[in-house]
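Engineer: Following this message is one structure expressed as structure tokens.
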Amino acid sequence: MYRSAVWDEPLLKELEEIKKAHYTPQSVLPDSLQRKTPLNIPDLDETQVMRHFFHLSQMNYGIESGIYPLGSCTMKYNPKICEEISHWEQFILLHPYQDESTTQGTLRMMHELEQMLCEITGMDHFTLQPAAGAQGEFTGLLLTRAYHESNKDFNRDEIILPDTSHGTNPASAAMAGYKVIEIPSTKDGTIDVGILEKVLSEKTACFMLTNPNTLGIFESEIDDIARLVHKAGALLYYDGANMNAIMGKARPGDMGFDIVHLNLHKTFSTPHGGGGPGSGPVGVKEKLKRFLPVPRIMKKDDSYYFDYDYPDSIGKIKAAYGNISVILKAYIYILLMGGNGLKEASEIAVLNANYMKKKLVDSKLFELPYKMLRKHEFVISCERLFSNKGIRALDIGKRLLDYGLHPPTVYFPLIVKEALMIEPTESESKKTLDFYIDTLLKIAQEDPTIIKSAPYNTVVRRIDEIGAVKNPILTWKTLEKIGKS
Ligand SMILES: *Cc1c(COP(=O)(O)O)cnc(C)c1O
């Protein structure tokens, strides 16, 4: 109960009476189900509770706290206006089954976002349903199957992808029931067109590609790749997680891709991490339109409606119509930025990545495998530090925490040994980039025994990462048991 010294006895008594008269809940539960003992919760006042939760929030690290250069994740600035508008009651109080005549604004927003995404990617149609990039991939592969089957082409059961691909690509392919064929990259870190040509066959359903790839390198032979894939009768899939590198500059639709997914929470700025929420819209060329998930959002005269009349559709991919709040934030972000703003964001993201890469490589403490020029992210290797001083990529990531910095992605892509994958994004100032570079160089020259036991300044010290994977404790009850033993 609320306690305060300035509240006198009579007032408290009066409040008690009012509460008893008006708010005493009449329990509808049978006696057997009613609580016999008081709830075991701490008896704290408001200030203590506030400070407890505020302290917890400060133990967290987010883009509000500092740079978050997690490669492949595009942890960029999220304009607060997007947050604010996405909390408007007009949006959050809607029910998915409300009559369309009462949800015209939201339908219009979704319809317009589909058009914007078509324009940005060069595709003909979009669905906003998938809830993440990975679900977009899965959707794209179901579309692939529907397409081949509609052509009476039943023997295509292989998906080809490069060894630089994100783990979700082979996982989605396997989930969609396909065999996965991985091809090795060239010494430049790009697709080996010769090998691709040999592996393509009448069994190939689709070739999945990220461009620029996960090394941050643009696949400049994309025209030849598209020609070969199509000549084999297969489809070309674009993993759009790296769209932040090329917005307003180049479009996957123009490169010959048939299916595209975007990660709205990455490129189009929604706070993400810790598992969600996300949105992975899928765009297709005209020939795949009839297979898209239902319902589609249609416009007739000046009104919008859901159309379920797609007999060849792969069906529904998600309950309702997608993660509306993420969709809405992307819509606001695109309107805020404008076409030139998006282009400039990509240009600065690429400039920032190349600035950091150059300084780190010039130091000779880290190596840069593959080509020199990168797009919005780059991957360096700590192999020399490892062989000379026993310092691993993981140790550097942990030590960065002591300096108040979020580590980059480590050990991905798999083809780079002791990989640090850095994506600064367009949101960071030169001062911040310089501080990050200087800290990395400083750590590389520190005493290895210090680094190997880092971090020191965090609430939780070095955790047992293998144990966390192999023996995860996911329920509170198990944790309680262990705590007692
Ligand atoms: C993030 C990412 C994905 C998966 O997207 P989610 O939205 O996390 O499911 C796929 N490919 C690449 C290259 C990515 O970076």
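Chain lettering (A, B, ...) mirrors the order of the structure tokens, residue numbering begins at 1 for each chain separately, and ligand numbering begins at 1 in order of display.
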Which residues are close to Ser172 in chain A, i.e. within 8 Å by only C-alpha atoms, leaving aside same-chain residues fewer than 2 positions away? Reply as a list in words.

Structural biologist: Ala134, Gln135, Glu137, Phe138, Leu141, Thr168, Asn169, Pro170, Ala174, Met175 and Ala176 of chain A

Engineer: Any chance you can output those residues with N, CA and C atoms as a compact mmCIF listing (two decimals), in the first residue's frame?

Structural biologist:
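Heads up, here's the output in selection.txt:
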# COMPACT_ATOMS: atom_id res chain seq x y z
N ALA A 134 13.86 -13.41 -41.90
CA ALA A 134 13.86 -14.86 -42.06
C ALA A 134 12.49 -15.36 -42.55
N GLN A 135 11.42 -14.77 -42.04
CA GLN A 135 10.09 -15.20 -42.50
C GLN A 135 9.84 -14.73 -43.93
N GLU A 137 12.23 -14.69 -46.16
CA GLU A 137 12.94 -15.70 -46.96
C GLU A 137 12.05 -16.93 -47.14
N PHE A 138 11.47 -17.37 -46.04
CA PHE A 138 10.60 -18.55 -46.09
C PHE A 138 9.43 -18.30 -47.05
N LEU A 141 10.56 -18.49 -50.60
CA LEU A 141 10.80 -19.85 -51.09
C LEU A 141 9.49 -20.59 -51.33
N THR A 168 20.29 -17.63 -41.79
CA THR A 168 18.85 -17.82 -42.02
C THR A 168 18.57 -18.31 -43.44
N ASN A 169 19.46 -18.04 -44.42
CA ASN A 169 19.19 -18.47 -45.80
C ASN A 169 19.10 -19.99 -45.92
N PRO A 170 20.15 -20.73 -45.51
CA PRO A 170 20.02 -22.19 -45.59
C PRO A 170 18.90 -22.72 -44.68
N ALA A 174 15.85 -25.02 -45.99
CA ALA A 174 15.58 -26.35 -45.44
C ALA A 174 14.16 -26.42 -44.90
N MET A 175 13.72 -25.35 -44.24
CA MET A 175 12.35 -25.34 -43.70
C MET A 175 11.31 -25.43 -44.81
N ALA A 176 11.64 -24.84 -45.97
CA ALA A 176 10.71 -24.88 -47.09
C ALA A 176 10.82 -26.21 -47.85

Engineer: Would you mind writing down, as an NGL selection string, each residue of range 94-179 of chain A that DSSP on the backbone assigns to strand (DSSP E or B)?

Structural biologist: :A and (125-127 or 158-162 or 179)

Engineer: With C-alpha atoms retained, could you export that selection as an mmCIF file, in the first residue's frame?

Structural biologist:
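To be explicit, this is the file written out as selection.cif:
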data_model
loop_
_atom_site.group_PDB
_atom_site.id
_atom_site.type_symbol
_atom_site.label_atom_id
_atom_site.label_comp_id
_atom_site.auth_asym_id
_atom_site.auth_seq_id
_atom_site.Cartn_x
_atom_site.Cartn_y
_atom_site.Cartn_z
ATOM 1 C CA HIS A 125 4.333 -5.847 -55.965
ATOM 2 C CA PHE A 126 4.894 -6.151 -52.211
ATOM 3 C CA THR A 127 3.364 -7.972 -49.290
ATOM 4 C CA GLU A 158 17.683 -27.398 -54.868
ATOM 5 C CA ILE A 159 18.502 -23.940 -53.529
ATOM 6 C CA ILE A 160 21.984 -22.608 -54.238
ATOM 7 C CA LEU A 161 23.631 -20.037 -51.972
ATOM 8 C CA PRO A 162 27.173 -18.738 -51.399
ATOM 9 C CA LYS A 179 18.132 -29.248 -50.522
#

Engineer: Please determine, counting only C-alpha atoms and all ligand atoms, which residue among A:Thr475, A:Thr47, A:Ser427, A:Asn213 has the shortest atom-to-atom distance to ligand 1.

Structural biologist: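 The shortest atom-to-atom distance to ligand 1 comes from A:Asn213.
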
Engineer: Would you name the residues within 7 Å of ligand 1, counting only C-alpha atoms and all ligand atoms, and put them as an MDAnalysis selection string?

Structural biologist: chainID A and resid 72:73 132:135 165:166 168:169 210 214 239 241:242 263 278:280

Engineer: Name the residues in contact with Ile120 in chain A at a cut-off of 8 Å, using only C-alpha atoms, excluding same-chain residues fewer than 3 positions from it; report them as an MDAnalysis selection string.

Structural biologist: chainID A and resid 116:117 247:248 251

Engineer: Find the residues near range 83-97 of chain A: any atom within 10 Å, counting only C-alpha atoms, skip ones fewer than 4 places away on the same chain, and give them as a ChimeraX atom specification.

Structural biologist: /A:78-79,102-103,105-106,270-271,319-321,324-329,332

Engineer: Could you jot down the CA of Ala171 in chain A to CA of Val294 in chain A separation for me, Å, one decimal place?

Structural biologist: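 The value is 24.1 Å.
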
Engineer: Do a neighbour search on Ser381 in chain A at 10 Å with only C-alpha atoms, toss out local chain neighbours closer than 2 positions, and write the hits as a list of chain:residue names.

Structural biologist: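 Contacts, in chain order: A:Val361, A:Leu365, A:Phe366, A:Glu367, A:Leu368, A:Pro369, A:Val379, A:Glu383, A:Arg384, A:Leu385, A:Phe386, A:Arg392, A:Ala393, A:Val410, A:Tyr411, A:Val416, A:Lys417, A:Glu418, A:Ala419, A:Leu420, A:Met421.
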
Engineer: Would you mind exporting the chosen residues as a PDB file, in the first residue's frame, restricted to C-alpha atoms?

Structural biologist:
ATOM      1  CA  VAL A 361      43.789  -1.639 -41.841  1.00  0.00           C
ATOM      2  CA  LEU A 365      47.115  -4.593 -36.303  1.00  0.00           C
ATOM      3  CA  PHE A 366      44.127  -6.071 -38.155  1.00  0.00           C
ATOM      4  CA  GLU A 367      43.970  -7.601 -41.624  1.00  0.00           C
ATOM      5  CA  LEU A 368      41.393  -7.041 -44.308  1.00  0.00           C
ATOM      6  CA  PRO A 369      40.702 -10.208 -46.259  1.00  0.00           C
ATOM      7  CA  VAL A 379      34.935  -7.526 -42.014  1.00  0.00           C
ATOM      8  CA  GLU A 383      44.163 -13.689 -37.060  1.00  0.00           C
ATOM      9  CA  ARG A 384      47.565 -12.035 -36.628  1.00  0.00           C
ATOM     10  CA  LEU A 385      46.723 -10.918 -33.077  1.00  0.00           C
ATOM     11  CA  PHE A 386      45.625 -14.473 -32.361  1.00  0.00           C
ATOM     12  CA  ARG A 392      40.725 -13.739 -30.205  1.00  0.00           C
ATOM     13  CA  ALA A 393      37.891 -11.765 -31.798  1.00  0.00           C
ATOM     14  CA  VAL A 410      32.094 -11.611 -34.285  1.00  0.00           C
ATOM     15  CA  TYR A 411      32.820 -14.844 -36.187  1.00  0.00           C
ATOM     16  CA  VAL A 416      36.797 -15.118 -42.313  1.00  0.00           C
ATOM     17  CA  LYS A 417      38.907 -16.400 -39.403  1.00  0.00           C
ATOM     18  CA  GLU A 418      38.608 -14.418 -36.142  1.00  0.00           C
ATOM     19  CA  ALA A 419      36.185 -12.042 -37.844  1.00  0.00           C
ATOM     20  CA  LEU A 420      35.085  -8.644 -36.571  1.00  0.00           C
ATOM     21  CA  MET A 421      32.180  -7.419 -38.715  1.00  0.00           C
TER      22      MET A 421
END

Engineer: Please run DSSP on the backbone and report, as JSON, numbers by chain, all residues within range 371-419 of chain A that come out as helix (DSSP H, G or I).

Structural biologist: {"A": [383, 384, 385, 386, 387, 388, 389, 393, 394, 395, 396, 397, 398, 399, 400, 401, 402]}

Engineer: Next, write the just-selected residues to a file, as a PDB file, in the first residue's frame, keeping N, CA and C atoms as the atom set.

Structural biologist:
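For reference, again-v1.pdb as written:
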ATOM      1  N   GLU A 383      43.351 -12.470 -37.005  1.00  0.00           N
ATOM      2  CA  GLU A 383      44.163 -13.689 -37.060  1.00  0.00           C
ATOM      3  C   GLU A 383      45.606 -13.453 -36.594  1.00  0.00           C
ATOM      4  N   ARG A 384      46.178 -12.309 -37.001  1.00  0.00           N
ATOM      5  CA  ARG A 384      47.565 -12.035 -36.628  1.00  0.00           C
ATOM      6  C   ARG A 384      47.681 -11.831 -35.115  1.00  0.00           C
ATOM      7  N   LEU A 385      46.716 -11.114 -34.540  1.00  0.00           N
ATOM      8  CA  LEU A 385      46.723 -10.918 -33.077  1.00  0.00           C
ATOM      9  C   LEU A 385      46.607 -12.264 -32.365  1.00  0.00           C
ATOM     10  N   PHE A 386      45.828 -13.152 -32.965  1.00  0.00           N
ATOM     11  CA  PHE A 386      45.625 -14.473 -32.361  1.00  0.00           C
ATOM     12  C   PHE A 386      46.919 -15.270 -32.410  1.00  0.00           C
ATOM     13  N   SER A 387      47.574 -15.281 -33.582  1.00  0.00           N
ATOM     14  CA  SER A 387      48.789 -16.103 -33.649  1.00  0.00           C
ATOM     15  C   SER A 387      49.943 -15.471 -32.873  1.00  0.00           C
ATOM     16  N   ASN A 388      50.004 -14.144 -32.797  1.00  0.00           N
ATOM     17  CA  ASN A 388      51.113 -13.502 -32.069  1.00  0.00           C
ATOM     18  C   ASN A 388      50.886 -13.433 -30.563  1.00  0.00           C
ATOM     19  N   LYS A 389      49.659 -13.121 -30.169  1.00  0.00           N
ATOM     20  CA  LYS A 389      49.426 -12.849 -28.741  1.00  0.00           C
ATOM     21  C   LYS A 389      48.307 -13.676 -28.128  1.00  0.00           C
ATOM     22  N   ALA A 393      38.934 -12.753 -31.491  1.00  0.00           N
ATOM     23  CA  ALA A 393      37.891 -11.765 -31.798  1.00  0.00           C
ATOM     24  C   ALA A 393      36.947 -11.607 -30.602  1.00  0.00           C
ATOM     25  N   LEU A 394      36.612 -12.734 -29.974  1.00  0.00           N
ATOM     26  CA  LEU A 394      35.707 -12.695 -28.826  1.00  0.00           C
ATOM     27  C   LEU A 394      36.293 -11.865 -27.682  1.00  0.00           C
ATOM     28  N   ASP A 395      37.616 -12.010 -27.438  1.00  0.00           N
ATOM     29  CA  ASP A 395      38.269 -11.251 -26.365  1.00  0.00           C
ATOM     30  C   ASP A 395      38.179  -9.749 -26.633  1.00  0.00           C
ATOM     31  N   ILE A 396      38.355  -9.376 -27.897  1.00  0.00           N
ATOM     32  CA  ILE A 396      38.290  -7.949 -28.241  1.00  0.00           C
ATOM     33  C   ILE A 396      36.869  -7.424 -28.021  1.00  0.00           C
ATOM     34  N   GLY A 397      35.888  -8.211 -28.440  1.00  0.00           N
ATOM     35  CA  GLY A 397      34.487  -7.826 -28.209  1.00  0.00           C
ATOM     36  C   GLY A 397      34.221  -7.604 -26.727  1.00  0.00           C
ATOM     37  N   LYS A 398      34.693  -8.527 -25.895  1.00  0.00           N
ATOM     38  CA  LYS A 398      34.467  -8.415 -24.440  1.00  0.00           C
ATOM     39  C   LYS A 398      35.178  -7.195 -23.856  1.00  0.00           C
ATOM     40  N   ARG A 399      36.396  -6.947 -24.337  1.00  0.00           N
ATOM     41  CA  ARG A 399      37.175  -5.832 -23.786  1.00  0.00           C
ATOM     42  C   ARG A 399      36.538  -4.480 -24.160  1.00  0.00           C
ATOM     43  N   LEU A 400      35.911  -4.415 -25.342  1.00  0.00           N
ATOM     44  CA  LEU A 400      35.242  -3.177 -25.755  1.00  0.00           C
ATOM     45  C   LEU A 400      34.178  -2.764 -24.724  1.00  0.00           C
ATOM     46  N   LEU A 401      33.552  -3.759 -24.087  1.00  0.00           N
ATOM     47  CA  LEU A 401      32.508  -3.464 -23.099  1.00  0.00           C
ATOM     48  C   LEU A 401      33.064  -2.624 -21.951  1.00  0.00           C
ATOM     49  N   ASP A 402      34.328  -2.890 -21.584  1.00  0.00           N
ATOM     50  CA  ASP A 402      34.936  -2.128 -20.489  1.00  0.00           C
ATOM     51  C   ASP A 402      35.079  -0.649 -20.831  1.00  0.00           C
TER      52      ASP A 402
END

Engineer: For Lys371 in chain A, which residue out of A:Arg227, A:Lys431, A:Lys187, A:Lys198 is the nearest one, using only C-alpha atoms?

Structural biologist: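 For Lys371 in chain A, the nearest of the candidates is A:Lys187.
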
Engineer: Using only C-alpha atoms, find the one residue out of A:Gly390, A:Arg156, A:Ala345, A:Phe268 that sits nearest to Cys82 in chain A.

Structural biologist: A:Phe268

Engineer: I need the residue nearest Leu342 in chain A from this list: A:Asn211, A:Asn40, A:Ser269, A:Gln48. Use only C-alpha atoms for the distance.

Structural biologist: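 Counting only C-alpha atoms, the residue closest to Leu342 in chain A is A:Ser269.
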
Engineer: Show which residues sit within 12 Å of Glu344 in chain A, as a list of chain:residue names. Count only C-alpha atoms, and ignore same-chain residues fewer than 2 positions away.

Structural biologist: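 Using only C-alpha atoms, the neighbours found are A:Asn244, A:Ala245, A:Ile246, A:Met247, A:Gly248, A:Lys249, A:Met337, A:Gly338, A:Gly339, A:Asn340, A:Gly341, A:Leu342, A:Ser346, A:Glu347, A:Ile348, A:Ala349, A:Val350, A:Leu351, A:Thr425, A:Glu426, A:Ser427.
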
Engineer: Restricting it to C-alpha atoms, dump the selection as a CSV table (one decimal), in the first residue's frame.

Structural biologist:
chain,number,residue,atom,x,y,z
A,244,ASN,CA,21.2,0.3,-46.3
A,245,ALA,CA,24.2,0.3,-48.6
A,246,ILE,CA,22.4,1.1,-51.8
A,247,MET,CA,19.1,2.9,-51.2
A,248,GLY,CA,18.6,5.4,-54.0
A,249,LYS,CA,21.7,4.2,-55.8
A,337,MET,CA,13.8,11.2,-45.2
A,338,GLY,CA,12.5,11.6,-48.7
A,339,GLY,CA,14.1,10.0,-51.7
A,340,ASN,CA,17.2,12.2,-51.4
A,341,GLY,CA,17.5,11.6,-47.7
A,342,LEU,CA,17.5,7.8,-48.2
A,346,SER,CA,23.4,5.1,-47.9
A,347,GLU,CA,26.2,7.4,-49.0
A,348,ILE,CA,27.2,8.3,-45.5
A,349,ALA,CA,26.8,4.7,-44.2
A,350,VAL,CA,29.3,3.6,-47.0
A,351,LEU,CA,31.6,6.6,-46.2
A,425,THR,CA,25.7,3.1,-40.1
A,426,GLU,CA,25.2,6.7,-41.2
A,427,SER,CA,24.0,7.9,-37.7

Engineer: Can you work out the spacing between CA of Ile443 in chain A and CA of Leu215 in chain A in Å, to one decimal?

Structural biologist: 23.3 Å

Engineer: Could you tell me which of A:Ser220, A:Gln58, A:Gln115, A:Thr409 comes closest to Val193 in chain A if we count only C-alpha atoms?

Structural biologist: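 Closest to Val193 in chain A, using only C-alpha atoms: A:Ser220.
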
Engineer: How many Å lie between CA of Thr432 in chain A and CA of Met243 in chain A, rounded to one decimal?

Structural biologist: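 A separation of 23.3 Å between them.
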
Engineer: Kindly indicate which residue among A:Phe435, A:Ile217, A:Ser27, A:Arg290 lies nearest to Lys375 in chain A, using only C-alpha atoms for the distances.

Structural biologist: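 Closest candidate: A:Ile217.
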
Engineer: What's the 7 Å shell around Ile317 in chain A, counting only C-alpha atoms, without same-chain residues fewer than 6 positions away, as a ChimeraX atom specification?

Structural biologist: /A:129-130,293

Engineer: Restricted to N, CA and C atoms, what would the selected residues look like written as a CSV table (one decimal), in the first residue's frame?

Structural biologist:
chain,number,residue,atom,x,y,z
A,129,GLN,N,3.2,-8.8,-45.1
A,129,GLN,CA,2.9,-9.8,-44.0
A,129,GLN,C,4.1,-10.4,-43.2
A,130,PRO,N,5.2,-10.8,-43.8
A,130,PRO,CA,6.2,-11.5,-43.0
A,130,PRO,C,6.7,-10.7,-41.8
A,293,PRO,N,0.9,-13.9,-50.5
A,293,PRO,CA,0.0,-14.2,-49.4
A,293,PRO,C,-1.3,-13.3,-49.5
